[in-house]
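> Got a file for you: final-v6.tsv, TSV, C-alpha atoms.
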chain	number	residue	atom	x	y	z
F	1	MET	CA	-13.98	3.13	-7.10
F	2	GLY	CA	-11.39	0.49	-7.89
F	3	GLY	CA	-10.09	-0.31	-11.33
F	4	GLU	CA	-9.57	-3.64	-12.99
F	5	LYS	CA	-6.42	-5.39	-11.85
F	6	PRO	CA	-3.82	-4.89	-14.59
F	7	GLY	CA	-2.75	-7.92	-16.57
F	8	PRO	CA	0.71	-9.46	-16.10
F	9	LEU	CA	3.84	-7.85	-17.53
F	10	ASN	CA	6.11	-10.19	-19.49
F	11	GLY	CA	9.74	-9.58	-20.45
F	12	LEU	CA	12.68	-11.46	-21.96
F	13	TRP	CA	16.40	-11.16	-21.18
F	14	ILE	CA	19.22	-13.21	-22.73
F	15	MET	CA	21.99	-14.13	-20.31
F	16	ARG	CA	25.46	-12.94	-21.37
F	17	PRO	CA	28.95	-13.71	-20.04
F	18	ASP	CA	29.09	-10.53	-17.95
F	19	ASP	CA	25.91	-11.69	-16.15
F	20	ALA	CA	27.58	-14.84	-14.79
F	21	ASN	CA	30.43	-16.09	-12.62
F	22	VAL	CA	33.48	-18.00	-13.88
F	23	ALA	CA	31.52	-21.27	-13.80
F	24	GLY	CA	28.84	-19.87	-16.13
F	25	ASN	CA	26.09	-19.56	-13.50
F	26	VAL	CA	24.15	-16.30	-13.68
F	27	HIS	CA	24.72	-14.09	-10.62
F	28	GLY	CA	21.82	-13.97	-8.19
F	29	GLY	CA	22.14	-10.18	-8.23
F	30	THR	CA	21.54	-10.12	-11.99
F	31	ILE	CA	18.30	-12.06	-11.52
F	32	LEU	CA	17.23	-9.82	-8.63
F	33	LYS	CA	17.82	-6.76	-10.81
F	34	MET	CA	15.62	-8.22	-13.59
F	35	ILE	CA	12.89	-9.00	-11.07
F	36	GLU	CA	13.01	-5.45	-9.69
F	37	GLU	CA	12.90	-3.87	-13.16
F	38	ALA	CA	9.74	-5.83	-14.00
F	39	GLY	CA	8.22	-4.88	-10.66
F	40	VAL	CA	8.91	-1.17	-10.97
F	41	ILE	CA	7.44	-1.05	-14.50
F	42	ILE	CA	4.11	-2.69	-13.65
F	43	SER	CA	3.70	-0.85	-10.33
F	44	THR	CA	4.57	2.57	-11.84
F	45	ARG	CA	2.11	1.95	-14.69
F	46	HIS	CA	-0.63	1.10	-12.22
F	47	CYS	CA	0.06	4.07	-9.94
F	48	ASN	CA	-0.28	6.40	-12.96
F	49	SER	CA	-3.39	4.68	-14.35
F	50	GLN	CA	-5.74	7.40	-13.07
F	51	ASN	CA	-5.69	11.15	-13.57
F	52	GLY	CA	-3.72	12.87	-10.86
F	53	GLU	CA	-0.22	13.71	-9.74
F	54	ARG	CA	2.42	11.73	-11.65
F	55	CYS	CA	4.68	9.41	-9.72
F	56	VAL	CA	7.23	6.63	-9.91
F	57	ALA	CA	7.02	3.46	-7.83
F	58	VAL	CA	9.98	2.86	-5.51
F	59	LEU	CA	11.01	-0.48	-4.03
F	60	ALA	CA	10.42	-0.73	-0.27
F	61	ARG	CA	10.86	-4.44	0.43
F	62	VAL	CA	11.55	-7.79	-1.20
F	63	GLU	CA	10.17	-10.86	0.56
F	64	ARG	CA	12.26	-14.02	0.83
F	65	THR	CA	13.04	-15.50	-2.58
F	66	ASP	CA	14.57	-18.90	-3.30
F	67	PHE	CA	16.80	-19.63	-6.29
F	68	LEU	CA	15.18	-22.91	-7.35
F	69	SER	CA	17.53	-23.85	-10.19
F	70	PRO	CA	20.62	-22.24	-11.74
F	71	MET	CA	20.47	-20.13	-14.89
F	72	CYS	CA	23.37	-20.26	-17.34
F	73	ILE	CA	25.00	-18.13	-20.02
F	74	GLY	CA	23.04	-18.30	-23.29
F	75	GLU	CA	19.72	-19.09	-21.66
F	76	VAL	CA	16.75	-16.74	-21.92
F	77	ALA	CA	15.05	-15.44	-18.79
F	78	HIS	CA	11.27	-15.13	-19.03
F	79	VAL	CA	10.11	-12.66	-16.37
F	80	SER	CA	6.42	-12.29	-15.53
F	81	ALA	CA	5.14	-9.69	-13.04
F	82	GLU	CA	1.61	-9.30	-11.67
F	83	ILE	CA	0.02	-6.96	-9.13
F	84	THR	CA	-1.60	-9.06	-6.43
F	85	TYR	CA	-2.59	-6.49	-3.77
F	86	THR	CA	-2.77	-2.75	-3.17
F	87	SER	CA	-3.05	-0.87	0.11
F	88	LYS	CA	-3.61	2.88	0.40
F	89	HIS	CA	0.10	3.64	-0.13
F	90	SER	CA	1.73	0.43	-1.42
F	91	VAL	CA	1.62	-2.13	-4.19
F	92	GLU	CA	2.41	-5.84	-3.89
F	93	VAL	CA	3.93	-7.39	-7.03
F	94	GLN	CA	4.61	-11.08	-7.53
F	95	VAL	CA	7.27	-12.03	-10.09
F	96	HIS	CA	8.07	-15.42	-11.62
F	97	VAL	CA	11.27	-16.13	-13.56
F	98	MET	CA	11.63	-19.04	-15.99
F	99	SER	CA	14.88	-20.00	-17.72
F	100	GLU	CA	14.75	-21.33	-21.28
F	101	ASN	CA	17.41	-23.27	-23.12
F	102	ILE	CA	16.76	-21.98	-26.65
F	103	LEU	CA	18.58	-24.94	-28.22
F	104	THR	CA	16.37	-27.60	-26.62
F	105	GLY	CA	13.31	-25.54	-25.65
F	106	THR	CA	13.56	-26.76	-22.07
F	107	LYS	CA	12.10	-24.35	-19.50
F	108	LYS	CA	12.59	-24.33	-15.72
F	109	LEU	CA	11.20	-22.19	-12.93
F	110	THR	CA	14.17	-20.43	-11.34
F	111	ASN	CA	12.65	-17.80	-9.04
F	112	LYS	CA	9.45	-16.60	-7.40
F	113	ALA	CA	9.54	-13.26	-5.60
F	114	THR	CA	7.18	-10.83	-3.88
F	115	LEU	CA	8.04	-7.12	-3.88
F	116	TRP	CA	6.44	-4.08	-2.26
F	117	TYR	CA	6.50	-0.63	-3.88
F	118	VAL	CA	5.38	2.84	-2.79
F	119	PRO	CA	4.53	5.67	-5.24
F	120	LEU	CA	6.54	8.88	-4.83
F	121	SER	CA	5.55	12.15	-6.45
F	122	LEU	CA	7.66	13.38	-9.36
F	123	LYS	CA	7.30	16.90	-7.94
F	124	ASN	CA	8.31	16.03	-4.36
F	125	VAL	CA	10.34	12.88	-3.68
F	126	ASP	CA	9.33	12.87	-0.02
F	127	LYS	CA	5.61	12.78	-0.81
F	128	VAL	CA	3.99	9.34	-0.88
F	129	LEU	CA	0.87	9.28	-3.07
F	130	GLU	CA	-2.21	7.11	-2.82
F	131	VAL	CA	-2.38	3.94	-4.90
F	132	PRO	CA	-5.39	3.38	-7.19
F	133	PRO	CA	-7.30	0.42	-5.71
F	134	VAL	CA	-7.92	-2.72	-7.72
F	135	VAL	CA	-10.97	-4.96	-8.00
F	136	TYR	CA	-10.41	-8.54	-6.84
F	137	SER	CA	-12.18	-11.46	-8.45
F	138	ARG	CA	-12.67	-13.03	-5.01
F	139	GLN	CA	-13.02	-11.43	-1.58
F	140	GLU	CA	-10.50	-13.96	-0.24
F	141	GLN	CA	-7.78	-12.45	-2.48
F	142	GLN	CA	-8.17	-9.07	-0.80
F	143	GLU	CA	-8.19	-10.58	2.70
F	144	GLU	CA	-5.11	-12.72	2.01
F	145	GLY	CA	-3.33	-9.68	0.56
F	146	ARG	CA	-4.18	-7.59	3.62
F	147	ARG	CA	-2.70	-10.26	5.89
F	148	ARG	CA	0.52	-10.30	3.82
F	149	TYR	CA	0.64	-6.50	3.98
F	150	GLU	CA	0.28	-6.40	7.76
F	151	ALA	CA	2.90	-9.16	8.20
F	152	GLN	CA	5.55	-7.40	6.09
F	153	LYS	CA	4.81	-4.07	7.78
F	154	LEU	CA	5.47	-5.65	11.18
F	155	GLU	CA	8.69	-7.32	9.99
F	156	ARG	CA	9.98	-4.03	8.56
F	157	MET	CA	9.46	-2.39	11.95
F	158	GLU	CA	11.36	-5.21	13.66
F	159	THR	CA	14.45	-4.76	11.44
F	160	LYS	CA	14.94	-1.08	12.30
F	161	TRP	CA	16.55	-1.81	15.67
F	162	ARG	CA	19.60	-3.23	13.86
F	163	ASN	CA	20.23	-0.02	11.97
F	164	GLY	CA	23.08	1.05	14.27
F	165	ASP	CA	24.98	-2.21	13.80
F	166	ILE	CA	28.23	-1.91	11.81
F	167	VAL	CA	30.83	-4.27	10.40
F	168	GLN	CA	34.21	-3.72	12.05
F	169	PRO	CA	37.46	-4.87	10.34
F	170	GLY	CA	39.58	-7.50	12.11
F	171	LEU	CA	43.37	-7.65	12.43
F	172	ASN	CA	45.18	-10.79	11.18
F	173	PRO	CA	42.04	-12.93	11.27
F	174	GLU	CA	42.19	-16.72	11.30
F	175	PRO	CA	40.53	-18.81	8.54
F	176	ASN	CA	36.85	-19.70	9.09
F	177	THR	CA	36.28	-16.73	11.40
F	178	VAL	CA	33.83	-13.91	10.69
F	179	SER	CA	36.63	-11.37	10.26
F	180	TYR	CA	38.50	-13.56	7.76
F	181	SER	CA	35.77	-13.47	5.10
F	182	GLN	CA	33.94	-10.21	5.82
F	183	SER	CA	34.08	-7.82	2.88
F	184	SER	CA	33.05	-4.32	1.84
F	185	LEU	CA	32.47	-2.52	-1.43
F	186	ILE	CA	32.39	1.26	-1.86
F	187	HIS	CA	30.37	2.67	-4.75
F	188	LEU	CA	29.81	6.25	-5.94
F	189	VAL	CA	26.20	6.60	-7.09
F	190	GLY	CA	26.10	7.88	-10.67
F	191	PRO	CA	23.27	8.90	-13.04
F	192	SER	CA	23.05	5.40	-14.60
F	193	ASP	CA	22.24	3.95	-11.16
F	194	CYS	CA	19.27	6.23	-10.61
F	195	THR	CA	15.58	6.74	-11.30
F	196	LEU	CA	13.92	9.86	-12.68
F	197	HIS	CA	13.99	11.21	-9.14
F	198	GLY	CA	17.78	10.94	-8.94
F	199	PHE	CA	17.96	8.16	-6.37
F	200	VAL	CA	19.17	4.60	-6.74
F	201	HIS	CA	17.13	1.82	-8.37
F	202	GLY	CA	16.39	-0.94	-5.89
F	203	GLY	CA	17.68	-3.48	-8.40
F	204	VAL	CA	21.09	-1.76	-8.53
F	205	THR	CA	21.36	-1.93	-4.73
F	206	MET	CA	20.36	-5.61	-4.66
F	207	LYS	CA	22.92	-6.49	-7.33
F	208	LEU	CA	25.71	-4.82	-5.33
F	209	MET	CA	24.52	-6.57	-2.15
F	210	ASP	CA	24.66	-9.95	-3.89
F	211	GLU	CA	28.18	-9.23	-5.19
F	212	VAL	CA	29.46	-8.53	-1.68
F	213	ALA	CA	27.69	-11.58	-0.23
F	214	GLY	CA	29.25	-13.71	-2.98
F	215	ILE	CA	32.74	-12.44	-2.13
F	216	VAL	CA	32.21	-13.31	1.55
F	217	ALA	CA	31.02	-16.82	0.64
F	218	ALA	CA	33.89	-17.42	-1.80
F	219	ARG	CA	36.50	-16.22	0.70
F	220	HIS	CA	35.09	-18.55	3.34
F	221	CYS	CA	34.91	-21.79	1.33
F	222	LYS	CA	37.38	-21.16	-1.56
F	223	THR	CA	35.09	-22.85	-4.11
F	224	ASN	CA	32.50	-21.92	-6.73
F	225	ILE	CA	29.45	-20.54	-4.93
F	226	VAL	CA	25.88	-19.69	-5.96
F	227	THR	CA	23.03	-17.79	-4.34
F	228	ALA	CA	20.52	-20.22	-2.83
F	229	SER	CA	18.06	-17.71	-1.35
F	230	VAL	CA	17.64	-14.17	-0.13
F	231	ASP	CA	15.75	-13.42	3.04
F	232	ALA	CA	13.60	-10.29	3.12
F	233	ILE	CA	15.47	-7.22	1.83
F	234	ASN	CA	14.36	-4.05	3.60
F	235	PHE	CA	14.97	-0.63	2.09
F	236	HIS	CA	15.04	1.77	5.03
F	237	ASP	CA	15.73	5.03	3.19
F	238	LYS	CA	16.41	6.46	-0.26
F	239	ILE	CA	19.96	6.78	-1.67
F	240	ARG	CA	20.52	9.85	-3.82
F	241	LYS	CA	22.73	10.50	-6.83
F	242	GLY	CA	26.21	11.60	-5.79
F	243	TYR	CA	26.13	9.73	-2.48
F	244	VAL	CA	28.80	7.18	-1.61
F	245	ILE	CA	27.44	3.82	-0.46
F	246	THR	CA	29.32	1.19	1.51
F	247	ILE	CA	28.02	-2.36	1.15
F	248	SER	CA	29.36	-4.59	3.94
F	249	GLY	CA	28.94	-8.33	4.30
F	250	ARG	CA	29.74	-10.74	7.10
F	251	MET	CA	29.03	-14.42	7.63
F	252	THR	CA	26.58	-15.09	10.44
F	253	PHE	CA	25.87	-18.84	10.27
F	254	THR	CA	26.88	-22.05	8.51
F	255	SER	CA	25.02	-25.34	8.28
F	256	ASN	CA	26.60	-28.44	6.74
F	257	LYS	CA	26.00	-27.18	3.19
F	258	SER	CA	24.93	-23.54	3.37
F	259	MET	CA	26.21	-20.14	4.49
F	260	GLU	CA	24.14	-17.21	5.74
F	261	ILE	CA	25.61	-13.77	5.09
F	262	GLU	CA	24.28	-10.50	6.47
F	263	VAL	CA	24.65	-7.53	4.12
F	264	LEU	CA	24.31	-3.92	5.28
F	265	VAL	CA	24.15	-0.86	3.03
F	266	ASP	CA	25.20	2.52	4.43
F	267	ALA	CA	24.85	5.79	2.54
F	268	ASP	CA	27.12	8.81	3.00
F	269	PRO	CA	25.95	12.17	1.59
F	270	VAL	CA	29.66	13.26	1.40
F	271	VAL	CA	29.08	16.83	0.21
F	272	ASP	CA	26.10	17.47	2.52
F	273	ASN	CA	27.41	18.22	6.00
F	274	THR	CA	23.88	18.57	7.39
F	275	GLN	CA	23.01	14.88	6.93
F	276	PRO	CA	24.95	12.08	8.65
F	277	ARG	CA	25.74	8.65	7.26
F	278	TYR	CA	22.70	6.36	7.53
F	279	ARG	CA	21.58	2.74	7.04
F	280	ALA	CA	19.79	2.44	3.69
F	281	ALA	CA	19.15	-1.31	3.31
F	282	SER	CA	19.79	-4.68	4.93
F	283	ALA	CA	19.25	-8.37	4.16
F	284	PHE	CA	20.42	-11.94	4.70
F	285	PHE	CA	21.72	-13.98	1.73
F	286	THR	CA	22.19	-17.75	1.72
F	287	TYR	CA	24.87	-19.36	-0.47
F	288	VAL	CA	25.88	-22.92	-1.24
F	289	SER	CA	29.27	-24.30	-2.30
F	290	LEU	CA	29.49	-26.25	-5.56
F	291	SER	CA	32.04	-28.60	-7.11
F	292	GLN	CA	33.24	-28.14	-10.69
F	293	GLU	CA	30.54	-30.63	-11.69
F	294	GLY	CA	27.87	-28.52	-9.99
F	295	ARG	CA	27.34	-30.80	-7.00
F	296	SER	CA	26.77	-29.46	-3.51
F	297	LEU	CA	29.85	-29.49	-1.25
F	298	PRO	CA	30.22	-29.38	2.54
F	299	VAL	CA	30.89	-25.91	3.92
F	300	PRO	CA	33.75	-25.15	6.37
F	301	GLN	CA	32.11	-24.43	9.70
F	302	LEU	CA	32.14	-20.81	10.89
F	303	VAL	CA	34.05	-20.12	14.12
F	304	PRO	CA	32.31	-17.25	15.97
F	305	GLU	CA	34.69	-15.53	18.40
F	306	THR	CA	33.00	-12.57	20.07
F	307	GLU	CA	29.76	-12.60	22.06
F	308	ASP	CA	28.03	-10.63	19.27
F	309	GLU	CA	29.19	-13.16	16.67
F	310	LYS	CA	27.95	-16.04	18.82
F	311	LYS	CA	24.60	-14.31	19.24
F	312	ARG	CA	24.27	-13.71	15.49
F	313	PHE	CA	25.23	-17.37	14.88
F	314	GLU	CA	22.38	-18.57	17.12
F	315	GLU	CA	19.95	-16.17	15.45
F	316	GLY	CA	21.04	-17.48	12.05
F	317	LYS	CA	20.62	-21.04	13.24
F	318	GLY	CA	17.08	-20.20	14.31
F	319	ARG	CA	16.26	-18.79	10.86
F	320	TYR	CA	17.80	-21.85	9.22
F	321	LEU	CA	15.81	-24.31	11.34
F	322	GLN	CA	12.60	-22.35	10.87
F	323	MET	CA	12.98	-22.35	7.08
F	324	LYS	CA	13.91	-26.05	7.11
F	325	ALA	CA	10.76	-26.83	9.09
F	326	LYS	CA	8.68	-24.66	6.76
F	327	ARG	CA	9.92	-26.58	3.75
F	328	GLN	CA	8.88	-29.79	5.46
F	329	GLY	CA	5.46	-28.32	6.21
F	330	GLN	CA	6.02	-28.46	9.96
F	331	VAL	CA	6.37	-24.83	11.02
F	332	ASP	CA	5.66	-24.36	14.69
F	333	PRO	CA	3.37	-21.42	15.51
F	334	GLN	CA	5.30	-18.35	16.56
F	335	PRO	CA	4.85	-17.11	20.13
Mind converting the file's structure to C-alpha cells?


Amino acid sequence: MGGEKPGPLNGLWIMRPDDANVAGNVHGGTILKMIEEAGVIISTRHCNSQNGERCVAVLARVERTDFLSPMCIGEVAHVSAEITYTSKHSVEVQVHVMSENILTGTKKLTNKATLWYVPLSLKNVDKVLEVPPVVYSRQEQQEEGRRRYEAQKLERMETKWRNGDIVQPGLNPEPNTVSYSQSSLIHLVGPSDCTLHGFVHGGVTMKLMDEVAGIVAARHCKTNIVTASVDAINFHDKIRKGYVITISGRMTFTSNKSMEIEVLVDADPVVDNTQPRYRAASAFFTYVSLSQEGRSLPVPQLVPETEDEKKRFEEGKGRYLQMKAKRQGQVDPQP
C-alpha cells in the first residue's frame, strides 16, 4: 500500500558575503548546495516513513537547472522541496528557489531543479533499499513521473562511456584555447563534507564543481561571470571520507554570449591500494559574462585545436542549439 505524498519542505537561508563573488552575486554552487540539502531532507524523511531498515537518501542525479535571475548578498533564499515521483529504488524531488529582498519585499523565482535520490542502508552503504510508494491524486501524475524516470535512467547510461576521459594539461597555451583556461582543484574529503555514512554530500561536490567551472570561465573572458545553467549532473559513484578528489574543468563550446564548461570529478582512495582512481561525477555548466553594470557581454570565441576539442565543440554546439530551440518551443523530435 502507498502512503500519502508528503507535503512540501520549506527552508530559509540568508545570503552572506562568503556566499557570493566579488560583484555580490551569489555563487551558483551555493544555490545548488541549498537545493541539494532540501532534497536530501525531504527524501530521507520519506524513505524512513515506514517501519523497516533505516536509511539515508543519497543524490544520484540533478536534471538541468537554469539560473533565472541573480541572487545577491543580503537577500533571503526561500527553498521549497516536494516529492513528485517514486520508483522502487528512487525518489524524484522538485525544488523551487525564490529570492527575497527583505528591504522591499520583492520576490523573484531564481531556480527550479529536479533531483533523484536513492536510499542507502545505514547498516550497509552498498545496499539500496526500497522506497515507500506514494499515492497520486491523478493517474496522469504517476504516468508522467514514470516517463521522467525512464528518460533520466537512459541518459545516465549514456554518460558512462565518457568515464575514461581525462583533462590533460597544456604547455604554454595561447589565449582563447581550451588549455589556456582549463583548471583543476584538489580537495581532501573531511568529516564536515560527509553524510552519516562517511561519504560526500552531493551538494558539497556540486559546489566544488561550480567553483572550478567559474575559474575556467573567468580565465577565458577576464570579466565578472555568473552561472546561467547546469546541464544534468550525474553521480556515478560514492566518494568516501579520506579520499582525495580532483575536480577538473575545461571549456567545450562558446556562443556569442555564453560558455559551456565540462566538469569531471575523479576520486582517489589514496590509502587503499586495492581500489584505483575512478570517475565519481560529471556535468556541463553554462556561464555568461557580465559588465560591472550587470549587462551581458560578448564572449571571446573558443579556439579548439585538437580533433577531440573540435569534436567536443560540435557536441556542445548541438546541445546549445537544442536548448535554444526548446526555449522557443520548437524542439525537433530526436531520432

> With only C-alpha atoms as the atoms that count, which of F:Arg54, F:Ile73, F:Asn101, F:Tyr85 lies nearest to F:Glu150?

F:Tyr85

> For F:Phe285, which of F:Met71, F:Ala60, F:Met251, F:Cys55 is the closest residue, counting all atoms listed in the file?

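Distance minimum relative to F:Phe285 lands on F:Met251.
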
> Where's the centre, and what are the edge lengths in Å to one decimal, of a box along x, y and z enclosing all listed atoms of stretch 201-211 of chain F padded 3 Å per side, as lines of an AutoDock Vina configuration file?


center_x = 22.3
center_y = -4.1
center_z = -5.3
size_x = 17.8
size_y = 17.8
size_z = 12.4

> What is the distance, in Å and to one decimal place, between atom CA of F:Tyr180 and atom CA of F:Asp231?

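It comes out at 23.2 Å.
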
> Return the single residue from F:Cys47, F:Met259, F:Ile225, F:Leu185 that is closest to F:Val212, with distances computed using only C-alpha atoms.

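Closest to F:Val212, using only C-alpha atoms: F:Leu185.
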
> Separation of atom CA of F:Val135 and atom CA of F:Asn10, in Å?

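Distance between the two atoms: 21.2 Å.
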
> Compare F:Ile261, F:Leu290, F:Val244, F:Val56 by their minimum atom-to-atom distance to F:Ile215, counting only C-alpha atoms, and give me the closest one.

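Checking each candidate against F:Ile215, we get F:Ile261 as the closest.
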
> Any idea what's packed within 12 Å of F:Glu174, counting only C-alpha atoms, ignoring anything in its chain fewer than 2 positions away? Could you give it as a list of chain:residue names?

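Here the qualifying residues turn out to be F:Gly170, F:Leu171, F:Asn172, F:Asn176, F:Thr177, F:Val178, F:Ser179, F:Tyr180, F:Ser181, F:Gln182, F:His220, F:Leu302, F:Val303, F:Pro304, F:Glu305.
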